[in-house]
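**Q** Let me begin by handing over the structure; questions about it come next.
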Amino acid sequence: MPEGTMNQGIGASVRRKEDKKFITGKGRYTDDINRNGQLYAYFIRSDVAHANIKNINVNAAAKCEGVVAVYTGEDIAADGIGGPICGWTPTNRDGSAPKEPPHPLLAVGKVRYVGDHIAVVIAESLEAAQAASEKIVIDLDNLPAVVDPATAIGNTQIHDEMDDNVYFDWELGDETATADALGGADKVIELTVTNNRVIPNAIEPRAAVAEYDEIEDRYTLYTSSQNPHLTRLVMAAFMMQIPESKLHVVAPDVGGGFGSKIYIYPEEAVCTWAAKKLRKPVKWTADRTQAFLGDAHGRDHVNKVKLGLDKNNKIVGLRVDTIANLGAYLSAFSMVTPTYLHGTLLSGCYDIPAIYTNVKGVCTTTVNVDAYRGAGRPEATYLLERTMDYAARQIGMDPAEFRRINFIPKDAFPYQTAVALQYDIGDYEPALDKAMEMIDYANFGSRQAEAAKRGKYRGIGLSSYIEACGIAPSAVVGTLGARVGLYESAVVRVDPTGTISVFTGAHSHGQGHDTTFAQIVADKLGVPIDSIDIVHGDTDRIPFGMGTYGSRSLAVGGTAISKAVDKVIEKGKIIAAHMMEAAETDLEFKDGKFTVAGTDKEKSFGEIALSAYVPHNFPHDRLEPGLEETAFYDPLNFTYPAGTHICEVEIDPATGVVDIVDWAACDDFGNLINPMIVEGQVHGGIAQGVGQALLENAHYNEDGQLLTASYMDYCMPRADNLPSLKIDYTVTACTHNDLGVKGCGEAGAIASPPAVINAIVDALSVVGVTDMSMPATTEKIWRAINDATAKAAE
Amino acid sequence: MALVKMTVNGQAVEYDVPDNTLLVSFIRETLELTGTHVGCDTSQCGACVVHVDGQSVKACTMLAAQAAGSEITTIEGIANGDELHPMQKAFHENHGLQCGYCTPGMVMSAIELVEKNKGLTEQQIREGLEGNICRCTGYHNIVKSVQAAAQEMGG
Ligand code: FES
Ligand code: FES
């Protein structure tokens, strides 16, 4: 590699280009943006879970000082503004379409969860808006809340369009073959596995600043979004019914997303609509309470699992019946998460000949549930890895060995699962072995004995996961009934002086794209990364893109960039051939130089860039001036990262306090572009999974009140809840993208919850505990120990 | 209204603000120093931490008027011109940040922690940062950053 680019290419832990602005306080998040003359929106939210709206009187509020307007659902309806839509929909098992009841931006006729938007006050200051909101008189006729997904079906009807509270009833796999396999099994392990409800909690709350330009008849919306183009598409085409070109969406620096900032929420749309009505910019920023009440929650599945084993403890069949709580309204990915991203993953790392799953997506009077870091795959992994562990214990086999004998063997790839996916490549045993070595699995017994001497229960728990990343290959999801796939775009623009701008549809909100993407370009073109700018997050500047989620940025967005760079090189060769009067077929490009084979003729990349813009005598029939290329990449398949995480815990039986004493993770993400960034992604994912397993829970009481609506009640993992983490890798390169990459953003969150719970159950097995639900709080553990000891004493 | 005078990042400032103005709003909105963030409404997240007379304070828990006469340092004021503070450098070098939203508060808390405590252990650093929530990093690299900065700062 030429000088200046050393250690900046693929595989180098380049320090992040984006850090400087953040560590100096110069980041520009949505709430940092203010527009001249802006007004402030304050939303009045329902404080009951389910009620008919009899009357809303806004007269007194509208007269308050500083108030410019008060709007209700009727005003929105009168302007023909629609609500958020659900993007992907599965097909019911009887062939019918799922139910998609409307989601009005501001409630019409009924409220359906605590936090549902009833009205908005827009005023000259936030304080004025807030004060006036208290003058709004809302007359409600309460209806019973429906909170528990397990009993939602056929309970009090929530939407007119749906008499049984079931949005969809979907299946995958061969039901008869699975029944036969389970019928003929030597033993059938049965377990009910609940995946608790959690709240994403990006530390930057959602925010929006909308303005309307009368002369251009055009809106601009700044919003904390993971995918500005999707926001533009949905808002323009489905909500506001305006040409897309009339809506400019900017997602500036975004303080974390984890899924919750994919969706299009009512607030952004109401601000945008009101900006035109009032001819003034309108700003809204959520406070944390509103974030708890209004951001889409995650998980919330109840699964009944049956796993059949033959006499050699090989898995012969798996049946999973899932009830997924989707909340009061459908948000963008809510139906795809428990279906295409969940049912398809049920084979895990294992060779399972017959699988059948039925998923019912149910409506409750709780806020929407949608994709949260991992989206469907953590839920699938949790139920499978809990069941694997439970089964190993039942049959008295070491959990590592039980997994090993059931792994898909290395030579079986490409491997067709019983649930639609075909894994292109993988090798699961080396990752298991390495993780076991990293944590010194072999000597766990002596550590356990030593802990016992100190009166502590020590446990070890494994989780071998697989995920499907890079959503979504249209060819694959098309066969499952999805109407669309998701591609990514890239434009690579080389300036006359050789500097490069890359325009990508993948949005960065912590993932470090400015660095990783620049490394790909630097590596391929042999230029220093400082000469490369990554541009994202602005619909006026970047080509149509699908955004960042599902660990797709690198596998899909990075590949699009790589393809656009290839096109730049191809064109560069034609220019170089012309300049050096050589045959194009003799041109080579390496280390930033175009050379003619068998000669010493060469031109640097910079020379070619310049001549592209000051062309001399170009053969115009086949060579246009300029050096800028676009690529749209629709992946051929999902990518399949996999690996094993092992967690070791120590429990104090006197208090129930769990201490995570060690963690080893060995992941296969294919080729790594920036190992430092990858490791950071794994750390963050593990922390979120540990949070779910030990601390976090969105708790609604039976009246549908969210009892955990602040950081006082919703326990976030803090620095002293987590250990140092040992991370290592195995590599099988993805076979179907140019970079051989798989994606790493969600693996930690997918792998970690079962590792923690399996470790806890292992520790508590000394007193006879066989199962534990999430979050395994101190109190729950203390009670489990005491109940078990009391029972043993009987 | 209250006339509030203080020194912020070495500069004397003086503004008339409503009595109930929080220090964090004064910093973000009146002074337009938006590096100090707001992540919660219950004084739990630490995104808003600044130094008031050398002490870490959650700027959302204090009125601007209460800080009158104080010397305030925000994230914008810790570098020496182009020369980053060792804590800023360490966060960059050790990948101690992802989305950057918690970072200003985290850096400000960490500086005070290291300045006031010599020879911090990993566990003490973890406990010392208990008032700051980060959703992105899993804290592993934040702890490493603070350890590295402590070395640099003679802690
Ligand atoms: S804003 Fe969360 S502690 Fe101040
Ligand atoms: S870096 Fe995103 S919250 Fe800490």
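So you can find residues: chains in the structure tokens are A, B, ... in the order shown, residues in each start at 1, and ligands are numbered from 1 in order.
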Near chain A, which residues of chain B fall within 6 Å when you count only C-alpha atoms, and what do they look like as JSON, numbers by chain?

**A** {"B": [34, 35, 39, 40, 41, 75, 76, 88, 98, 99, 100, 101, 126, 127, 130, 133, 136, 137, 138, 139, 140]}

**Q** Mind writing the picked residues with all heavy atoms as a short mmCIF file (atom, residue, chain, number, x, y, z; two decimals), in the first residue's frame?

**A**
data_model
loop_
_atom_site.label_atom_id
_atom_site.label_comp_id
_atom_site.auth_asym_id
_atom_site.auth_seq_id
_atom_site.Cartn_x
_atom_site.Cartn_y
_atom_site.Cartn_z
N THR B 34 -24.14 23.52 23.08
CA THR B 34 -25.00 22.34 23.01
C THR B 34 -24.24 21.02 23.21
O THR B 34 -24.80 19.95 23.00
CB THR B 34 -25.74 22.30 21.66
OG1 THR B 34 -24.75 22.39 20.62
CG2 THR B 34 -26.72 23.45 21.53
N GLY B 35 -22.99 21.13 23.62
CA GLY B 35 -22.25 19.90 23.92
C GLY B 35 -22.76 19.22 25.18
O GLY B 35 -22.63 18.02 25.35
N GLY B 39 -30.53 13.73 28.79
CA GLY B 39 -30.95 12.37 28.44
C GLY B 39 -32.08 11.85 29.31
O GLY B 39 -32.57 10.75 29.09
N CYS B 40 -32.46 12.60 30.32
CA CYS B 40 -33.53 12.11 31.19
C CYS B 40 -34.19 13.26 31.91
O CYS B 40 -33.79 14.42 31.74
CB CYS B 40 -32.99 11.09 32.19
SG CYS B 40 -32.03 11.84 33.53
N ASP B 41 -35.20 12.93 32.69
CA ASP B 41 -35.88 13.97 33.46
C ASP B 41 -35.91 13.62 34.94
O ASP B 41 -36.72 14.12 35.70
CB ASP B 41 -37.30 14.20 32.91
CG ASP B 41 -38.00 12.90 32.56
OD1 ASP B 41 -37.57 11.83 33.05
OD2 ASP B 41 -38.98 12.94 31.80
N ILE B 75 -17.98 20.67 28.40
CA ILE B 75 -17.14 19.86 27.50
C ILE B 75 -16.41 20.75 26.49
O ILE B 75 -15.29 20.44 26.08
CB ILE B 75 -18.01 18.79 26.79
CG1 ILE B 75 -17.16 17.81 25.97
CG2 ILE B 75 -19.06 19.43 25.87
CD1 ILE B 75 -16.39 16.82 26.78
N GLU B 76 -17.03 21.88 26.13
CA GLU B 76 -16.39 22.76 25.13
C GLU B 76 -15.16 23.45 25.72
O GLU B 76 -14.36 24.02 24.97
CB GLU B 76 -17.38 23.83 24.64
CG GLU B 76 -18.50 23.31 23.75
CD GLU B 76 -19.77 22.94 24.51
OE1 GLU B 76 -19.69 22.77 25.76
OE2 GLU B 76 -20.83 22.80 23.88
N GLN B 88 -10.12 13.38 26.78
CA GLN B 88 -10.69 13.36 25.42
C GLN B 88 -9.84 12.47 24.52
O GLN B 88 -10.36 11.65 23.76
CB GLN B 88 -10.72 14.79 24.85
CG GLN B 88 -11.74 15.69 25.53
CD GLN B 88 -11.61 17.15 25.09
OE1 GLN B 88 -10.52 17.72 25.16
NE2 GLN B 88 -12.71 17.74 24.65
N GLN B 98 -19.44 5.75 21.09
CA GLN B 98 -20.05 5.33 19.83
C GLN B 98 -20.93 6.45 19.30
O GLN B 98 -20.49 7.24 18.49
CB GLN B 98 -20.77 4.00 20.01
CG GLN B 98 -19.76 2.85 20.23
CD GLN B 98 -20.37 1.48 20.34
OE1 GLN B 98 -21.48 1.22 19.90
NE2 GLN B 98 -19.65 0.55 20.95
N CYS B 99 -22.17 6.57 19.79
CA CYS B 99 -23.03 7.64 19.26
C CYS B 99 -22.61 9.01 19.78
O CYS B 99 -23.01 10.03 19.23
CB CYS B 99 -24.49 7.38 19.58
SG CYS B 99 -24.97 7.81 21.26
N GLY B 100 -21.85 9.05 20.86
CA GLY B 100 -21.35 10.32 21.36
C GLY B 100 -22.29 11.09 22.27
O GLY B 100 -21.92 12.14 22.79
N TYR B 101 -23.49 10.57 22.48
CA TYR B 101 -24.46 11.38 23.23
C TYR B 101 -24.13 11.44 24.72
O TYR B 101 -24.24 12.48 25.35
CB TYR B 101 -25.88 10.84 23.02
CG TYR B 101 -26.92 11.87 23.37
CD1 TYR B 101 -27.23 12.91 22.49
CD2 TYR B 101 -27.60 11.84 24.58
CE1 TYR B 101 -28.16 13.88 22.80
CE2 TYR B 101 -28.55 12.80 24.90
CZ TYR B 101 -28.83 13.82 24.00
OH TYR B 101 -29.76 14.77 24.33
N ARG B 126 -15.52 1.81 37.70
CA ARG B 126 -16.90 1.42 37.38
C ARG B 126 -17.88 2.04 38.36
O ARG B 126 -18.92 2.55 37.99
CB ARG B 126 -17.03 -0.11 37.37
CG ARG B 126 -16.34 -0.75 36.17
CD ARG B 126 -16.57 -2.25 36.07
NE ARG B 126 -15.91 -2.81 34.91
CZ ARG B 126 -16.42 -2.83 33.67
NH1 ARG B 126 -17.62 -2.38 33.46
NH2 ARG B 126 -15.72 -3.32 32.66
N GLU B 127 -17.54 1.99 39.63
CA GLU B 127 -18.44 2.58 40.63
C GLU B 127 -18.48 4.10 40.51
O GLU B 127 -19.52 4.72 40.67
CB GLU B 127 -18.03 2.14 42.04
CG GLU B 127 -18.51 0.73 42.34
CD GLU B 127 -17.80 0.08 43.53
OE1 GLU B 127 -17.17 0.80 44.32
OE2 GLU B 127 -17.88 -1.16 43.63
N GLU B 130 -20.96 5.43 38.00
CA GLU B 130 -22.30 4.88 38.17
C GLU B 130 -23.40 5.88 37.85
O GLU B 130 -24.51 5.51 37.51
CB GLU B 130 -22.42 4.38 39.61
CG GLU B 130 -23.09 3.06 39.72
CD GLU B 130 -24.33 3.18 40.59
OE1 GLU B 130 -24.65 4.29 41.02
OE2 GLU B 130 -24.96 2.14 40.79
N ILE B 133 -25.09 7.01 32.37
CA ILE B 133 -25.55 5.86 31.59
C ILE B 133 -25.03 5.97 30.16
O ILE B 133 -25.14 7.03 29.54
CB ILE B 133 -27.08 5.78 31.55
CG1 ILE B 133 -27.66 5.67 32.96
CG2 ILE B 133 -27.54 4.59 30.70
CD1 ILE B 133 -29.18 5.66 33.00
N CYS B 136 -24.49 2.55 24.49
CA CYS B 136 -23.82 2.03 23.29
C CYS B 136 -22.62 1.14 23.58
O CYS B 136 -22.43 0.13 22.92
CB CYS B 136 -23.32 3.17 22.42
SG CYS B 136 -24.59 4.25 21.76
N THR B 137 -21.79 1.53 24.51
CA THR B 137 -20.44 0.94 24.56
C THR B 137 -20.31 -0.27 25.46
O THR B 137 -19.27 -0.93 25.44
CB THR B 137 -19.41 1.97 25.08
OG1 THR B 137 -19.79 2.28 26.44
CG2 THR B 137 -19.40 3.23 24.25
N GLY B 138 -21.29 -0.52 26.31
CA GLY B 138 -21.13 -1.60 27.29
C GLY B 138 -20.08 -1.27 28.34
O GLY B 138 -19.68 -2.13 29.10
N TYR B 139 -19.62 -0.02 28.33
CA TYR B 139 -18.69 0.55 29.33
C TYR B 139 -17.26 0.01 29.25
O TYR B 139 -16.35 0.64 29.78
CB TYR B 139 -19.21 0.37 30.77
CG TYR B 139 -20.60 0.93 30.99
CD1 TYR B 139 -21.72 0.11 31.00
CD2 TYR B 139 -20.79 2.30 31.16
CE1 TYR B 139 -23.00 0.64 31.18
CE2 TYR B 139 -22.06 2.83 31.35
CZ TYR B 139 -23.16 1.99 31.35
OH TYR B 139 -24.41 2.50 31.53
N HIS B 140 -17.05 -1.13 28.61
CA HIS B 140 -15.73 -1.75 28.59
C HIS B 140 -14.66 -0.74 28.14
O HIS B 140 -13.65 -0.56 28.82
CB HIS B 140 -15.78 -2.97 27.64
CG HIS B 140 -14.51 -3.74 27.53
ND1 HIS B 140 -14.32 -4.96 28.13
CD2 HIS B 140 -13.36 -3.46 26.89
CE1 HIS B 140 -13.11 -5.40 27.86
NE2 HIS B 140 -12.50 -4.52 27.11
#

**Q** Quick one: everything within 12 Å of B:Asp19, counting only C-alpha atoms, minus sequence neighbours fewer than 4 positions away in the same chain. Send it as a list in words.

**A** Met1, Ala2, Leu3, Val4, Tyr15, Leu23, Ser25, Phe26, Met62, Leu63, Ala64, Ala65, Gln66 and Ala68 of chain B

**Q** Please save N, CA, C and O atoms of the selected residues as a PDB file, in the first residue's frame.

**A**
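Contents of selection_33.pdb, freshly written:
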ATOM      1  N   MET B   1     -37.855  37.057  36.919  1.00  0.00           N
ATOM      2  CA  MET B   1     -36.569  36.985  36.193  1.00  0.00           C
ATOM      3  C   MET B   1     -35.415  37.196  37.168  1.00  0.00           C
ATOM      4  O   MET B   1     -35.549  37.876  38.168  1.00  0.00           O
ATOM      5  N   ALA B   2     -34.315  36.583  36.840  1.00  0.00           N
ATOM      6  CA  ALA B   2     -33.131  36.750  37.691  1.00  0.00           C
ATOM      7  C   ALA B   2     -31.942  37.099  36.807  1.00  0.00           C
ATOM      8  O   ALA B   2     -31.792  36.541  35.716  1.00  0.00           O
ATOM      9  N   LEU B   3     -31.132  38.007  37.290  1.00  0.00           N
ATOM     10  CA  LEU B   3     -29.906  38.341  36.560  1.00  0.00           C
ATOM     11  C   LEU B   3     -28.835  37.349  37.020  1.00  0.00           C
ATOM     12  O   LEU B   3     -28.510  37.281  38.195  1.00  0.00           O
ATOM     13  N   VAL B   4     -28.354  36.556  36.065  1.00  0.00           N
ATOM     14  CA  VAL B   4     -27.400  35.509  36.421  1.00  0.00           C
ATOM     15  C   VAL B   4     -26.045  35.832  35.807  1.00  0.00           C
ATOM     16  O   VAL B   4     -25.928  36.001  34.596  1.00  0.00           O
ATOM     17  N   TYR B  15     -26.816  37.117  32.035  1.00  0.00           N
ATOM     18  CA  TYR B  15     -28.102  37.100  31.329  1.00  0.00           C
ATOM     19  C   TYR B  15     -29.247  37.187  32.317  1.00  0.00           C
ATOM     20  O   TYR B  15     -29.158  36.689  33.440  1.00  0.00           O
ATOM     21  N   LEU B  23     -29.829  25.082  35.074  1.00  0.00           N
ATOM     22  CA  LEU B  23     -28.479  25.357  34.587  1.00  0.00           C
ATOM     23  C   LEU B  23     -28.267  24.740  33.205  1.00  0.00           C
ATOM     24  O   LEU B  23     -27.661  25.347  32.326  1.00  0.00           O
ATOM     25  N   SER B  25     -30.421  24.242  30.830  1.00  0.00           N
ATOM     26  CA  SER B  25     -31.073  25.038  29.779  1.00  0.00           C
ATOM     27  C   SER B  25     -30.300  26.327  29.546  1.00  0.00           C
ATOM     28  O   SER B  25     -30.179  26.790  28.410  1.00  0.00           O
ATOM     29  N   PHE B  26     -29.806  26.903  30.622  1.00  0.00           N
ATOM     30  CA  PHE B  26     -29.007  28.121  30.511  1.00  0.00           C
ATOM     31  C   PHE B  26     -27.791  27.852  29.617  1.00  0.00           C
ATOM     32  O   PHE B  26     -27.483  28.617  28.705  1.00  0.00           O
ATOM     33  N   MET B  62     -29.806  21.601  38.904  1.00  0.00           N
ATOM     34  CA  MET B  62     -29.413  22.862  39.524  1.00  0.00           C
ATOM     35  C   MET B  62     -30.038  24.007  38.741  1.00  0.00           C
ATOM     36  O   MET B  62     -30.110  23.955  37.506  1.00  0.00           O
ATOM     37  N   LEU B  63     -30.480  25.028  39.440  1.00  0.00           N
ATOM     38  CA  LEU B  63     -30.982  26.209  38.745  1.00  0.00           C
ATOM     39  C   LEU B  63     -29.798  27.060  38.299  1.00  0.00           C
ATOM     40  O   LEU B  63     -28.758  27.085  38.974  1.00  0.00           O
ATOM     41  N   ALA B  64     -29.986  27.767  37.209  1.00  0.00           N
ATOM     42  CA  ALA B  64     -28.933  28.674  36.752  1.00  0.00           C
ATOM     43  C   ALA B  64     -28.606  29.676  37.861  1.00  0.00           C
ATOM     44  O   ALA B  64     -27.437  29.977  38.129  1.00  0.00           O
ATOM     45  N   ALA B  65     -29.662  30.153  38.529  1.00  0.00           N
ATOM     46  CA  ALA B  65     -29.452  31.156  39.574  1.00  0.00           C
ATOM     47  C   ALA B  65     -28.607  30.616  40.723  1.00  0.00           C
ATOM     48  O   ALA B  65     -27.867  31.357  41.365  1.00  0.00           O
ATOM     49  N   GLN B  66     -28.720  29.309  40.980  1.00  0.00           N
ATOM     50  CA  GLN B  66     -27.914  28.710  42.054  1.00  0.00           C
ATOM     51  C   GLN B  66     -26.432  28.695  41.696  1.00  0.00           C
ATOM     52  O   GLN B  66     -25.582  28.601  42.581  1.00  0.00           O
ATOM     53  N   ALA B  68     -24.973  31.062  40.113  1.00  0.00           N
ATOM     54  CA  ALA B  68     -24.493  32.442  39.950  1.00  0.00           C
ATOM     55  C   ALA B  68     -23.185  32.616  40.711  1.00  0.00           C
ATOM     56  O   ALA B  68     -23.025  32.111  41.820  1.00  0.00           O
TER      57      ALA B  68
END

**Q** Write out as a VMD selection string which residues come within 6 Å of stretch 317-319 of chain A when counting only C-alpha atoms, dropping same-chain ones fewer than 4 positions away.

**A** chain A and resid 178 181 to 182 305 to 308 354 to 357

**Q** Based on the backbone DSSP call, show me all residues of stretch 11-150 of chain B assigned alpha helix (DSSP H), as a PyMOL selection string.

**A** chain B and resi 23-25+86-93+103-116+122-128+140-150

**Q** Please provide as an NGL selection string all residues within 7 Å of A:Asp668, with the sequence filter that same-chain residues fewer than 5 positions apart are discarded (counting only C-alpha atoms).

**A** :A and (641-643 or 729-732)

**Q** Would you save the residues from that selection as a PDB file, in the first residue's frame, using N, CA, C and O atoms?

**A**
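What follows is the written file selection_13.pdb:
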ATOM      1  N   PRO A 641     -23.687 -14.519  10.601  1.00  0.00           N
ATOM      2  CA  PRO A 641     -22.739 -14.525  11.715  1.00  0.00           C
ATOM      3  C   PRO A 641     -23.168 -15.563  12.741  1.00  0.00           C
ATOM      4  O   PRO A 641     -24.365 -15.851  12.879  1.00  0.00           O
ATOM      5  N   ALA A 642     -22.206 -16.104  13.453  1.00  0.00           N
ATOM      6  CA  ALA A 642     -22.524 -17.115  14.466  1.00  0.00           C
ATOM      7  C   ALA A 642     -21.393 -17.126  15.470  1.00  0.00           C
ATOM      8  O   ALA A 642     -20.349 -16.511  15.242  1.00  0.00           O
ATOM      9  N   GLY A 643     -21.606 -17.825  16.562  1.00  0.00           N
ATOM     10  CA  GLY A 643     -20.537 -17.914  17.540  1.00  0.00           C
ATOM     11  C   GLY A 643     -21.047 -18.458  18.850  1.00  0.00           C
ATOM     12  O   GLY A 643     -22.204 -18.885  18.964  1.00  0.00           O
ATOM     13  N   TYR A 729     -12.401 -14.005  17.744  1.00  0.00           N
ATOM     14  CA  TYR A 729     -13.128 -14.305  16.516  1.00  0.00           C
ATOM     15  C   TYR A 729     -12.642 -15.587  15.857  1.00  0.00           C
ATOM     16  O   TYR A 729     -11.495 -15.983  16.011  1.00  0.00           O
ATOM     17  N   THR A 730     -13.543 -16.180  15.089  1.00  0.00           N
ATOM     18  CA  THR A 730     -13.133 -17.116  14.060  1.00  0.00           C
ATOM     19  C   THR A 730     -13.609 -16.488  12.753  1.00  0.00           C
ATOM     20  O   THR A 730     -14.475 -15.615  12.778  1.00  0.00           O
ATOM     21  N   VAL A 731     -13.069 -16.920  11.650  1.00  0.00           N
ATOM     22  CA  VAL A 731     -13.477 -16.297  10.393  1.00  0.00           C
ATOM     23  C   VAL A 731     -13.818 -17.338   9.346  1.00  0.00           C
ATOM     24  O   VAL A 731     -12.988 -18.161   8.971  1.00  0.00           O
ATOM     25  N   THR A 732     -15.079 -17.310   8.898  1.00  0.00           N
ATOM     26  CA  THR A 732     -15.413 -17.917   7.621  1.00  0.00           C
ATOM     27  C   THR A 732     -16.005 -16.777   6.807  1.00  0.00           C
ATOM     28  O   THR A 732     -16.971 -16.152   7.225  1.00  0.00           O
TER      29      THR A 732
END

**Q** Of the residues A:Thr285, A:Asn701, A:Ser773, A:Asn674, which is the one nearest to A:Val761, using only C-alpha atoms?

**A**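 For A:Val761, the nearest of the given residues is A:Ser773.
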
**Q** Let me make sure I understand: among B:Gln151, B:Thr21, B:Asn132, B:Thr42, which one has the smallest atom-to-atom distance to B:Ala67 if we use only C-alpha atoms?

**A** B:Thr21

**Q** Ligand 1: which residues are within 8 Å, counting only C-alpha atoms and all ligand atoms? Reply as an mmCIF file with N, CA, C and O atoms, in the first residue's frame.

**A**
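Output saved as out08.cif:
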data_model
loop_
_atom_site.group_PDB
_atom_site.id
_atom_site.type_symbol
_atom_site.label_atom_id
_atom_site.label_comp_id
_atom_site.auth_asym_id
_atom_site.auth_seq_id
_atom_site.Cartn_x
_atom_site.Cartn_y
_atom_site.Cartn_z
ATOM 1 N N VAL B 24 -28.805 23.540 33.004
ATOM 2 C CA VAL B 24 -28.589 22.877 31.716
ATOM 3 C C VAL B 24 -29.254 23.662 30.584
ATOM 4 O O VAL B 24 -28.702 23.774 29.486
ATOM 5 N N HIS B 37 -25.604 17.641 27.218
ATOM 6 C CA HIS B 37 -26.829 17.014 26.711
ATOM 7 C C HIS B 37 -27.855 16.752 27.803
ATOM 8 O O HIS B 37 -27.533 16.770 28.993
ATOM 9 N N VAL B 38 -29.070 16.456 27.354
ATOM 10 C CA VAL B 38 -30.131 16.067 28.284
ATOM 11 C C VAL B 38 -30.608 14.680 27.874
ATOM 12 O O VAL B 38 -31.023 14.479 26.733
ATOM 13 N N GLY B 39 -30.528 13.728 28.792
ATOM 14 C CA GLY B 39 -30.947 12.367 28.440
ATOM 15 C C GLY B 39 -32.078 11.852 29.307
ATOM 16 O O GLY B 39 -32.574 10.755 29.087
ATOM 17 N N CYS B 40 -32.460 12.600 30.324
ATOM 18 C CA CYS B 40 -33.532 12.108 31.186
ATOM 19 C C CYS B 40 -34.190 13.263 31.906
ATOM 20 O O CYS B 40 -33.795 14.415 31.743
ATOM 21 N N ASP B 41 -35.201 12.933 32.692
ATOM 22 C CA ASP B 41 -35.882 13.971 33.458
ATOM 23 C C ASP B 41 -35.910 13.620 34.942
ATOM 24 O O ASP B 41 -36.715 14.125 35.698
ATOM 25 N N THR B 42 -35.021 12.716 35.345
ATOM 26 C CA THR B 42 -34.989 12.312 36.753
ATOM 27 C C THR B 42 -33.571 12.343 37.337
ATOM 28 O O THR B 42 -33.288 11.663 38.320
ATOM 29 N N SER B 43 -32.678 13.062 36.692
ATOM 30 C CA SER B 43 -31.297 13.179 37.192
ATOM 31 C C SER B 43 -30.590 11.836 37.329
ATOM 32 O O SER B 43 -29.898 11.583 38.312
ATOM 33 N N GLN B 44 -30.782 10.989 36.345
ATOM 34 C CA GLN B 44 -30.230 9.644 36.418
ATOM 35 C C GLN B 44 -29.147 9.366 35.388
ATOM 36 O O GLN B 44 -28.338 8.476 35.600
ATOM 37 N N CYS B 45 -29.147 10.075 34.270
ATOM 38 C CA CYS B 45 -28.333 9.598 33.147
ATOM 39 C C CYS B 45 -26.948 10.219 33.083
ATOM 40 O O CYS B 45 -26.037 9.637 32.509
ATOM 41 N N GLY B 46 -26.776 11.414 33.599
ATOM 42 C CA GLY B 46 -25.450 12.028 33.600
ATOM 43 C C GLY B 46 -25.008 12.637 32.284
ATOM 44 O O GLY B 46 -23.869 13.094 32.170
ATOM 45 N N ALA B 47 -25.893 12.700 31.273
ATOM 46 C CA ALA B 47 -25.513 13.291 29.983
ATOM 47 C C ALA B 47 -25.231 14.788 30.133
ATOM 48 O O ALA B 47 -24.601 15.398 29.283
ATOM 49 N N CYS B 48 -25.712 15.369 31.228
ATOM 50 C CA CYS B 48 -25.663 16.822 31.416
ATOM 51 C C CYS B 48 -24.537 17.267 32.346
ATOM 52 O O CYS B 48 -24.515 18.425 32.763
ATOM 53 N N VAL B 49 -23.610 16.361 32.689
ATOM 54 C CA VAL B 49 -22.621 16.712 33.715
ATOM 55 C C VAL B 49 -21.671 17.824 33.240
ATOM 56 O O VAL B 49 -21.124 17.766 32.146
ATOM 57 N N LYS B 58 -24.677 17.418 37.925
ATOM 58 C CA LYS B 58 -25.677 17.184 36.883
ATOM 59 C C LYS B 58 -26.411 18.504 36.673
ATOM 60 O O LYS B 58 -27.130 18.962 37.557
ATOM 61 N N ALA B 59 -26.183 19.108 35.519
ATOM 62 C CA ALA B 59 -26.686 20.465 35.289
ATOM 63 C C ALA B 59 -28.200 20.516 35.205
ATOM 64 O O ALA B 59 -28.785 21.590 35.184
ATOM 65 N N CYS B 60 -28.849 19.349 35.169
ATOM 66 C CA CYS B 60 -30.316 19.341 35.161
ATOM 67 C C CYS B 60 -30.876 19.381 36.579
ATOM 68 O O CYS B 60 -32.082 19.444 36.769
ATOM 69 N N THR B 61 -29.994 19.320 37.581
ATOM 70 C CA THR B 61 -30.492 19.302 38.953
ATOM 71 C C THR B 61 -30.272 20.628 39.657
ATOM 72 O O THR B 61 -30.496 20.750 40.850
ATOM 73 N N GLY B 131 -23.088 7.145 37.937
ATOM 74 C CA GLY B 131 -24.094 8.182 37.660
ATOM 75 C C GLY B 131 -24.242 8.532 36.194
ATOM 76 O O GLY B 131 -24.991 9.442 35.846
ATOM 77 N N ASN B 132 -23.523 7.849 35.338
ATOM 78 C CA ASN B 132 -23.592 8.132 33.906
ATOM 79 C C ASN B 132 -24.014 6.879 33.144
ATOM 80 O O ASN B 132 -23.360 5.847 33.250
#
